[in-house]
Every structure is written in C-alpha cells, then in structure tokens.
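Source file: upload_38.cif. Holds: mmCIF, C-alpha atoms.
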```
data_model
loop_
_atom_site.label_atom_id
_atom_site.label_comp_id
_atom_site.auth_asym_id
_atom_site.auth_seq_id
_atom_site.Cartn_x
_atom_site.Cartn_y
_atom_site.Cartn_z
CA MET Z 1 0.00 0.00 0.00
CA ALA Z 2 2.89 2.36 0.77
CA ASP Z 3 4.26 1.84 -2.73
CA LEU Z 4 0.88 2.64 -4.29
CA ALA Z 5 0.46 5.74 -2.15
CA HIS Z 6 3.89 7.11 -2.96
CA PRO Z 7 4.86 5.96 -6.46
CA ALA Z 8 7.46 8.73 -6.75
CA THR Z 9 9.61 7.04 -4.12
CA THR Z 10 10.21 3.98 -6.29
CA ALA Z 11 10.06 5.38 -9.82
CA THR Z 12 13.14 6.87 -11.49
CA ARG Z 13 12.58 10.28 -12.96
CA GLU Z 14 14.18 11.15 -16.30
CA TYR Z 15 14.80 14.67 -17.50
CA HIS Z 16 15.28 15.73 -21.10
CA LEU Z 17 16.44 19.11 -22.34
CA ALA Z 18 13.76 20.80 -24.38
CA HIS Z 19 16.27 22.64 -26.55
CA GLU Z 20 19.92 22.84 -27.50
CA PRO Z 21 21.89 23.99 -24.41
CA HIS Z 22 24.31 26.01 -26.53
CA PRO Z 23 22.69 29.43 -27.13
CA GLU Z 24 22.53 30.72 -30.68
CA ASN Z 25 25.56 32.93 -31.45
CA GLY Z 26 26.80 32.48 -27.87
CA THR Z 27 30.25 31.39 -29.02
CA ALA Z 28 30.56 34.30 -31.44
CA LEU Z 29 29.67 36.81 -28.72
CA GLY Z 30 32.14 35.26 -26.27
CA PHE Z 31 34.89 35.21 -28.87
CA TRP Z 32 34.29 38.83 -29.80
CA MET Z 33 34.72 39.67 -26.12
CA TYR Z 34 38.03 37.82 -26.12
CA LEU Z 35 39.19 39.71 -29.22
CA MET Z 36 38.31 42.99 -27.55
CA SER Z 37 40.49 42.04 -24.57
CA ASP Z 38 43.28 41.20 -27.01
CA CYS Z 39 42.81 44.63 -28.58
CA LEU Z 40 43.49 46.19 -25.19
CA ILE Z 41 46.73 44.20 -24.87
CA PHE Z 42 47.98 45.29 -28.28
CA ALA Z 43 46.83 48.87 -27.67
CA ALA Z 44 49.01 48.97 -24.55
CA LEU Z 45 51.97 47.54 -26.47
CA PHE Z 46 51.52 50.04 -29.31
CA ALA Z 47 51.33 52.88 -26.80
CA THR Z 48 54.49 51.64 -25.10
CA TYR Z 49 56.32 51.50 -28.41
CA GLY Z 50 55.01 54.96 -29.29
CA VAL Z 51 56.68 56.34 -26.15
CA LEU Z 52 59.91 54.33 -26.33
CA GLY Z 53 60.27 53.73 -30.06
CA ARG Z 54 62.94 56.43 -30.55
CA SER Z 55 65.00 55.64 -27.45
CA TYR Z 56 67.86 53.72 -29.07
CA ALA Z 57 70.39 54.57 -26.33
CA GLY Z 58 72.85 55.96 -28.86
CA GLY Z 59 72.71 52.83 -31.02
CA PRO Z 60 71.47 52.37 -34.60
CA GLY Z 61 67.87 53.37 -35.32
CA GLY Z 62 65.14 51.74 -37.34
CA ALA Z 63 66.49 53.04 -40.65
CA GLU Z 64 69.72 51.06 -40.07
CA LEU Z 65 68.12 47.99 -38.48
CA PHE Z 66 64.92 47.26 -40.40
CA ASP Z 67 64.93 45.59 -43.83
CA LEU Z 68 61.69 46.81 -45.41
CA LYS Z 69 61.95 44.38 -48.35
CA LEU Z 70 62.07 41.44 -45.97
CA VAL Z 71 59.21 42.84 -43.88
CA ALA Z 72 57.15 43.44 -47.04
CA ILE Z 73 57.62 39.79 -48.04
CA ASN Z 74 56.57 38.72 -44.57
CA THR Z 75 53.51 40.96 -44.75
CA ALA Z 76 52.59 39.36 -48.07
CA PHE Z 77 52.77 35.90 -46.47
CA LEU Z 78 50.31 36.88 -43.75
CA LEU Z 79 47.93 38.70 -46.09
CA LEU Z 80 47.92 35.74 -48.48
CA SER Z 81 47.15 33.43 -45.56
CA SER Z 82 44.08 35.56 -44.81
CA ILE Z 83 42.92 35.20 -48.42
CA THR Z 84 43.40 31.43 -48.43
CA PHE Z 85 41.51 31.19 -45.14
CA GLY Z 86 38.66 32.99 -46.88
CA PHE Z 87 38.74 30.34 -49.61
CA ALA Z 88 38.55 27.65 -46.90
CA MET Z 89 35.48 29.33 -45.44
CA LEU Z 90 33.87 29.40 -48.89
CA ARG Z 91 34.44 25.66 -49.27
CA LYS Z 92 33.02 25.15 -45.79
CA GLN Z 93 29.82 26.91 -46.86
CA VAL Z 94 29.19 24.21 -49.49
CA ASN Z 95 30.25 21.39 -47.13
CA ASP Z 96 33.34 20.56 -49.18
CA LYS Z 97 35.48 18.80 -46.58
CA SER Z 98 38.51 18.10 -48.78
CA GLY Z 99 38.52 21.61 -50.25
CA THR Z 100 38.31 23.13 -46.78
CA LEU Z 101 41.24 21.04 -45.58
CA ILE Z 102 43.36 21.91 -48.62
CA TRP Z 103 42.89 25.65 -48.18
CA LEU Z 104 43.49 25.39 -44.44
CA ALA Z 105 46.75 23.57 -45.16
CA VAL Z 106 47.80 26.37 -47.54
CA THR Z 107 46.90 28.90 -44.86
CA GLY Z 108 49.04 27.06 -42.32
CA LEU Z 109 51.95 26.96 -44.77
CA PHE Z 110 51.82 30.74 -45.23
CA GLY Z 111 51.61 31.14 -41.46
CA LEU Z 112 54.74 29.02 -40.99
CA CYS Z 113 56.55 31.06 -43.66
CA PHE Z 114 55.64 34.23 -41.77
CA LEU Z 115 57.00 32.82 -38.53
CA ALA Z 116 60.19 31.62 -40.20
CA VAL Z 117 60.93 35.07 -41.65
CA GLU Z 118 60.16 36.72 -38.31
CA LEU Z 119 62.53 34.38 -36.47
CA TYR Z 120 65.20 35.12 -39.09
CA GLU Z 121 64.72 38.85 -38.52
CA PHE Z 122 65.00 38.43 -34.74
CA HIS Z 123 68.17 36.35 -35.18
CA HIS Z 124 69.68 39.00 -37.45
CA LEU Z 125 68.86 41.84 -35.04
CA ILE Z 126 70.34 39.97 -32.09
CA HIS Z 127 73.41 39.10 -34.19
CA VAL Z 128 74.12 42.80 -34.87
CA GLY Z 129 73.67 43.65 -31.21
CA ALA Z 130 70.10 44.98 -31.26
CA THR Z 131 68.82 42.82 -28.41
CA PRO Z 132 65.87 43.47 -26.06
CA GLN Z 133 68.42 44.59 -23.46
CA SER Z 134 70.26 47.03 -25.73
CA SER Z 135 67.73 49.88 -25.52
CA ALA Z 136 64.19 50.77 -24.52
CA ALA Z 137 63.18 50.94 -28.18
CA MET Z 138 64.35 47.40 -28.92
CA SER Z 139 62.75 46.11 -25.74
CA ALA Z 140 59.42 47.59 -26.83
CA PHE Z 141 59.97 46.29 -30.39
CA PHE Z 142 60.64 42.70 -29.38
CA THR Z 143 57.70 42.73 -26.96
CA LEU Z 144 55.21 44.04 -29.52
CA VAL Z 145 56.34 42.02 -32.53
CA GLY Z 146 57.05 38.95 -30.42
CA THR Z 147 53.57 39.03 -28.88
CA HIS Z 148 52.05 39.11 -32.34
CA GLY Z 149 54.31 36.25 -33.39
CA LEU Z 150 53.16 34.20 -30.39
CA HIS Z 151 49.56 34.77 -31.45
CA VAL Z 152 50.37 33.49 -34.95
CA THR Z 153 52.12 30.48 -33.41
CA PHE Z 154 49.12 29.56 -31.25
CA GLY Z 155 46.81 30.23 -34.19
CA SER Z 156 48.83 27.80 -36.32
CA ILE Z 157 48.62 25.13 -33.60
CA TRP Z 158 44.86 25.73 -33.37
CA LEU Z 159 44.68 25.40 -37.16
CA VAL Z 160 46.40 21.99 -37.14
CA VAL Z 161 44.19 20.70 -34.32
CA LEU Z 162 41.07 21.87 -36.15
CA MET Z 163 42.21 20.18 -39.36
CA VAL Z 164 42.54 16.91 -37.44
CA GLN Z 165 39.02 17.36 -36.03
CA ILE Z 166 37.56 18.13 -39.46
CA ASN Z 167 39.33 15.17 -41.02
CA LYS Z 168 37.97 12.88 -38.30
CA HIS Z 169 34.44 14.21 -37.79
CA GLY Z 170 33.77 16.20 -40.95
CA LEU Z 171 32.12 19.61 -41.20
CA ILE Z 172 29.74 19.10 -38.31
CA ARG Z 173 28.10 22.08 -36.63
CA GLU Z 174 30.73 22.21 -33.86
CA ASN Z 175 33.62 22.27 -36.33
CA LYS Z 176 31.94 24.98 -38.38
CA ARG Z 177 31.61 27.04 -35.21
CA ARG Z 178 35.30 26.48 -34.42
CA LEU Z 179 36.24 27.47 -37.97
CA MET Z 180 34.30 30.71 -37.56
CA CYS Z 181 36.18 31.55 -34.36
CA LEU Z 182 39.57 30.75 -35.86
CA SER Z 183 38.70 32.82 -38.92
CA MET Z 184 37.96 35.86 -36.74
CA PHE Z 185 41.20 35.31 -34.82
CA TRP Z 186 43.30 34.96 -37.98
CA HIS Z 187 41.89 38.06 -39.64
CA PHE Z 188 42.35 39.96 -36.38
CA LEU Z 189 46.07 39.10 -36.48
CA ASP Z 190 46.24 40.46 -40.04
CA VAL Z 191 44.75 43.77 -38.91
CA VAL Z 192 47.20 43.99 -36.00
CA TRP Z 193 50.13 43.24 -38.31
CA ILE Z 194 49.12 46.05 -40.67
CA GLY Z 195 49.39 48.34 -37.65
CA VAL Z 196 52.80 46.88 -36.77
CA PHE Z 197 54.05 47.24 -40.34
CA THR Z 198 52.92 50.86 -40.53
CA PHE Z 199 53.64 52.11 -37.02
CA VAL Z 200 56.85 50.20 -36.31
CA TYR Z 201 58.59 49.53 -39.61
CA LEU Z 202 57.48 52.28 -42.00
CA MET Z 203 57.61 55.05 -39.40
CA GLY Z 204 60.80 53.55 -38.02
CA VAL Z 205 62.73 54.12 -41.23
CA LEU Z 206 61.50 57.69 -41.73
#
```
Can you dump the structure from the file as structure tokens?
Amino acid sequence: MADLAHPATTATREYHLAHEPHPENGTALGFWMYLMSDCLIFAALFATYGVLGRSYAGGPGGAELFDLKLVAINTAFLLLSSITFGFAMLRKQVNDKSGTLIWLAVTGLFGLCFLAVELYEFHHLIHVGATPQSSAAMSAFFTLVGTHGLHVTFGSIWLVVLMVQINKHGLIRENKRRLMCLSMFWHFLDVVWIGVFTFVYLMGVL
C-alpha cells in the first residue's frame, strides 16, 4: 500500500532538455569579447612603443636595423594566408570537406613562412647587437612584434588541431563554429600586423 500511495519514491525520474543547451551565437559573442580584450593588450603595447620607439640609447635606429623588403615579403605571407583562409570558409559553406582542408593547409603553410621570416629577422637583429636589453626601443619592439608572433604560433597550432578534427568528424556544426572563431582570430592578427608594419617599420625608417 505504501508503494501505491507514494509511487514517486520507487520510480526513477528522467529529465530531457527541451532545446539545444548552446545558445545561438553564444560562441561568437564570447569570442568577440576575447578579441576585444586582445585589442586592449595590443593597444598597450603600441602605446608603449610609441613612447619608447625612438630611445635607441645611442645605437642604430630603425632606418639602419629594419629591412623593409624582408618585412614586405613577410607581410605578403600573412595577407595571403588571410585570403586562403577565406577560400577555406567558402568551401566550408558548401560542405566541401577536402577543399576546406586543402585551403586550411595552404593557410598554415603561409603562417609558418611568416613565422620563419620573423625568427630570421629576430636572429639578425640579435646578431648585430640589437637585443631586447640594448635599448628601450628594442625592448618595446621585441615585446610588440614577439607578442604578435606568439599569437600566430598559437593560431597555427589551433589550425592543425582543427584540421585533425575536421578530417575525423567532418564539417559538423561544432567544427563549423570552431572554424568561424579561428577565422575571426586569424583576420584579427592580419589587422594587427598592418598596424605593426605601418607604425613600427614604415615610421621607423622615416
């Protein structure tokens, strides 16, 4: 009789979500907030370089240290990687898994070329004595450009991981969402680099 009077004590209740727990555009909003925080970091680094960028402590200035041809080639690598990422997103729109992976691989190759040239430039500057410890200007330079380079490095790692996920699971909704976030991040790095190229290198040689 006790069981009949209190059926809830013996029955197991099951709960089912009535809708998808991931809110629509929630990831995009959160990632935009992250990018805004990254903007603040780079704004502080640009401001620091703006104050210290001419303090070479009696050593050679940007006109003697920077190779604009090399930097222009490096800029082309990063801008081309942004274009090829756009092609990958176009292939994603039509659910072309192989085409998406191919263009992502080309994007990653351009990203690695950019990092290789940047490391070569750092090695050359250190070889001629322009180290982060040599002056306030070089300390600010290595911090700003190096921070951007670290972002490209982590973006490249993210790109490889995402390619593995797409190859394994295909262009499922989750992978499309991750592609969107990485696309915003990669294009953001392009915009920051344009600022670096203009503010640091071009103005540095004037």
Ground truth for the PyMOL selection byres ((chain Z and resi 125) around 12), written as a PyMOL selection string:
chain Z and resi 60-62+64-67+118-124+126-134+138-139+141-142
Residues from the last selection, C-alpha atoms, saved as a CSV table (one decimal), in the coordinates of the input:
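The resulting file, again_31.csv, is shown below:
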```
chain,number,residue,atom,x,y,z
Z,60,PRO,CA,71.5,52.4,-34.6
Z,61,GLY,CA,67.9,53.4,-35.3
Z,62,GLY,CA,65.1,51.7,-37.3
Z,64,GLU,CA,69.7,51.1,-40.1
Z,65,LEU,CA,68.1,48.0,-38.5
Z,66,PHE,CA,64.9,47.3,-40.4
Z,67,ASP,CA,64.9,45.6,-43.8
Z,118,GLU,CA,60.2,36.7,-38.3
Z,119,LEU,CA,62.5,34.4,-36.5
Z,120,TYR,CA,65.2,35.1,-39.1
Z,121,GLU,CA,64.7,38.8,-38.5
Z,122,PHE,CA,65.0,38.4,-34.7
Z,123,HIS,CA,68.2,36.4,-35.2
Z,124,HIS,CA,69.7,39.0,-37.4
Z,126,ILE,CA,70.3,40.0,-32.1
Z,127,HIS,CA,73.4,39.1,-34.2
Z,128,VAL,CA,74.1,42.8,-34.9
Z,129,GLY,CA,73.7,43.6,-31.2
Z,130,ALA,CA,70.1,45.0,-31.3
Z,131,THR,CA,68.8,42.8,-28.4
Z,132,PRO,CA,65.9,43.5,-26.1
Z,133,GLN,CA,68.4,44.6,-23.5
Z,134,SER,CA,70.3,47.0,-25.7
Z,138,MET,CA,64.4,47.4,-28.9
Z,139,SER,CA,62.8,46.1,-25.7
Z,141,PHE,CA,60.0,46.3,-30.4
Z,142,PHE,CA,60.6,42.7,-29.4
```
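A cut-off of 12 Å from the point (51.5, 44.6, -44.2), with all atoms listed in the file, picks out the residues Leu68, Lys69, Leu70, Val71, Ala72, Ile73, Asn74, Thr75, Ala76, Phe77, Leu78, Leu79, Leu80, Ser82, Phe114, Leu189, Asp190, Val191, Val192, Trp193, Ile194, Gly195, Val196, Phe197, Thr198, Phe199, Val200, Tyr201 and Leu202 of chain Z.
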Writer output for current selection, C-alpha atoms, as a PDB file, keeping the file's coordinate frame:
```pdb
ATOM      1  CA  LEU Z  68      61.690  46.810 -45.410  1.00  0.00           C
ATOM      2  CA  LYS Z  69      61.950  44.380 -48.350  1.00  0.00           C
ATOM      3  CA  LEU Z  70      62.070  41.440 -45.970  1.00  0.00           C
ATOM      4  CA  VAL Z  71      59.210  42.840 -43.880  1.00  0.00           C
ATOM      5  CA  ALA Z  72      57.150  43.440 -47.040  1.00  0.00           C
ATOM      6  CA  ILE Z  73      57.620  39.790 -48.040  1.00  0.00           C
ATOM      7  CA  ASN Z  74      56.570  38.720 -44.570  1.00  0.00           C
ATOM      8  CA  THR Z  75      53.510  40.960 -44.750  1.00  0.00           C
ATOM      9  CA  ALA Z  76      52.590  39.360 -48.070  1.00  0.00           C
ATOM     10  CA  PHE Z  77      52.770  35.900 -46.470  1.00  0.00           C
ATOM     11  CA  LEU Z  78      50.310  36.880 -43.750  1.00  0.00           C
ATOM     12  CA  LEU Z  79      47.930  38.700 -46.090  1.00  0.00           C
ATOM     13  CA  LEU Z  80      47.920  35.740 -48.480  1.00  0.00           C
ATOM     14  CA  SER Z  82      44.080  35.560 -44.810  1.00  0.00           C
ATOM     15  CA  PHE Z 114      55.640  34.230 -41.770  1.00  0.00           C
ATOM     16  CA  LEU Z 189      46.070  39.100 -36.480  1.00  0.00           C
ATOM     17  CA  ASP Z 190      46.240  40.460 -40.040  1.00  0.00           C
ATOM     18  CA  VAL Z 191      44.750  43.770 -38.910  1.00  0.00           C
ATOM     19  CA  VAL Z 192      47.200  43.990 -36.000  1.00  0.00           C
ATOM     20  CA  TRP Z 193      50.130  43.240 -38.310  1.00  0.00           C
ATOM     21  CA  ILE Z 194      49.120  46.050 -40.670  1.00  0.00           C
ATOM     22  CA  GLY Z 195      49.390  48.340 -37.650  1.00  0.00           C
ATOM     23  CA  VAL Z 196      52.800  46.880 -36.770  1.00  0.00           C
ATOM     24  CA  PHE Z 197      54.050  47.240 -40.340  1.00  0.00           C
ATOM     25  CA  THR Z 198      52.920  50.860 -40.530  1.00  0.00           C
ATOM     26  CA  PHE Z 199      53.640  52.110 -37.020  1.00  0.00           C
ATOM     27  CA  VAL Z 200      56.850  50.200 -36.310  1.00  0.00           C
ATOM     28  CA  TYR Z 201      58.590  49.530 -39.610  1.00  0.00           C
ATOM     29  CA  LEU Z 202      57.480  52.280 -42.000  1.00  0.00           C
TER      30      LEU Z 202
END
```
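The space separating CA of Val152 in chain Z from CA of Trp186 in chain Z comes to 7.8 Å.
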What does the distance from CA of Met203 in chain Z to CA of Ala63 in chain Z come to in Å, to one decimal?
9.2 Å
Excluding Cys181 in chain Z and its own-chain neighbours fewer than 6 positions away, which residues fall within 12 Å of it when counting only C-alpha atoms? Please give them as a compact mmCIF listing (two decimals) with C-alpha atoms, in the frame of the given file.
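And here is the file that came out, around.txt:
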```
# COMPACT_ATOMS: atom_id res chain seq x y z
CA ASN Z 25 25.56 32.93 -31.45
CA GLY Z 26 26.80 32.48 -27.87
CA THR Z 27 30.25 31.39 -29.02
CA ALA Z 28 30.56 34.30 -31.44
CA LEU Z 29 29.67 36.81 -28.72
CA GLY Z 30 32.14 35.26 -26.27
CA PHE Z 31 34.89 35.21 -28.87
CA TRP Z 32 34.29 38.83 -29.80
CA MET Z 33 34.72 39.67 -26.12
CA TYR Z 34 38.03 37.82 -26.12
CA LEU Z 35 39.19 39.71 -29.22
CA MET Z 89 35.48 29.33 -45.44
CA GLY Z 155 46.81 30.23 -34.19
CA TRP Z 158 44.86 25.73 -33.37
CA LEU Z 159 44.68 25.40 -37.16
CA LEU Z 162 41.07 21.87 -36.15
CA GLU Z 174 30.73 22.21 -33.86
CA ASN Z 175 33.62 22.27 -36.33
CA HIS Z 187 41.89 38.06 -39.64
CA PHE Z 188 42.35 39.96 -36.38
```
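Going from CA of Leu171 in chain Z over to CA of Thr100 in chain Z, you cover 9.0 Å.
Of the residues listed (Z:Thr153, Z:Lys92, Z:Val145, Z:Cys113), Z:Lys92 shows the shortest atom-to-atom separation from Arg178 in chain Z; distances use only C-alpha atoms.
Remark: for Arg173 in chain Z, the closest of the candidate residues Z:Asn95, Z:Ala57, Z:Phe42, Z:Phe87 is Z:Asn95 (distances computed over all atoms listed in the file).
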Anything within 9 Å of (64.2, 54.1, -28.2): list those residues as a list in words, counting all atoms listed in the file and sticking to the file's coordinates.
Tyr49, Val51, Leu52, Gly53, Arg54, Ser55, Tyr56, Ala57, Gly58, Gly61, Ser135, Ala136, Ala137, Met138, Ser139 and Ala140 of chain Z
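Shortest separation to Gly50 in chain Z among Z:Ala105, Z:Val161, Z:Leu144, Z:Leu206 occurs at residue Z:Leu144, atoms counted being all atoms listed in the file.
Ranking Z:Val164, Z:His151, Z:Thr143, Z:Thr48 by their shortest atom-to-atom distance to Leu101 in chain Z, with all atoms listed in the file included, puts Z:Val164 first.
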How big is the axis-aligned box, and where does its centre sit, when it encloses all atoms of range 76-95 of chain Z listed in the file and has 6 Å added on every side, reported in Å to one decimal as AutoDock Vina command-line options?
```
--center_x 41.0 --center_y 30.4 --center_z -46.7 --size_x 35.6 --size_y 30.0 --size_z 17.9
```
Which of Z:Gly99, Z:Gly149, Z:Gly59, Z:Gly204 sits closest to Leu112 in chain Z [using only C-alpha atoms]:
Z:Gly149
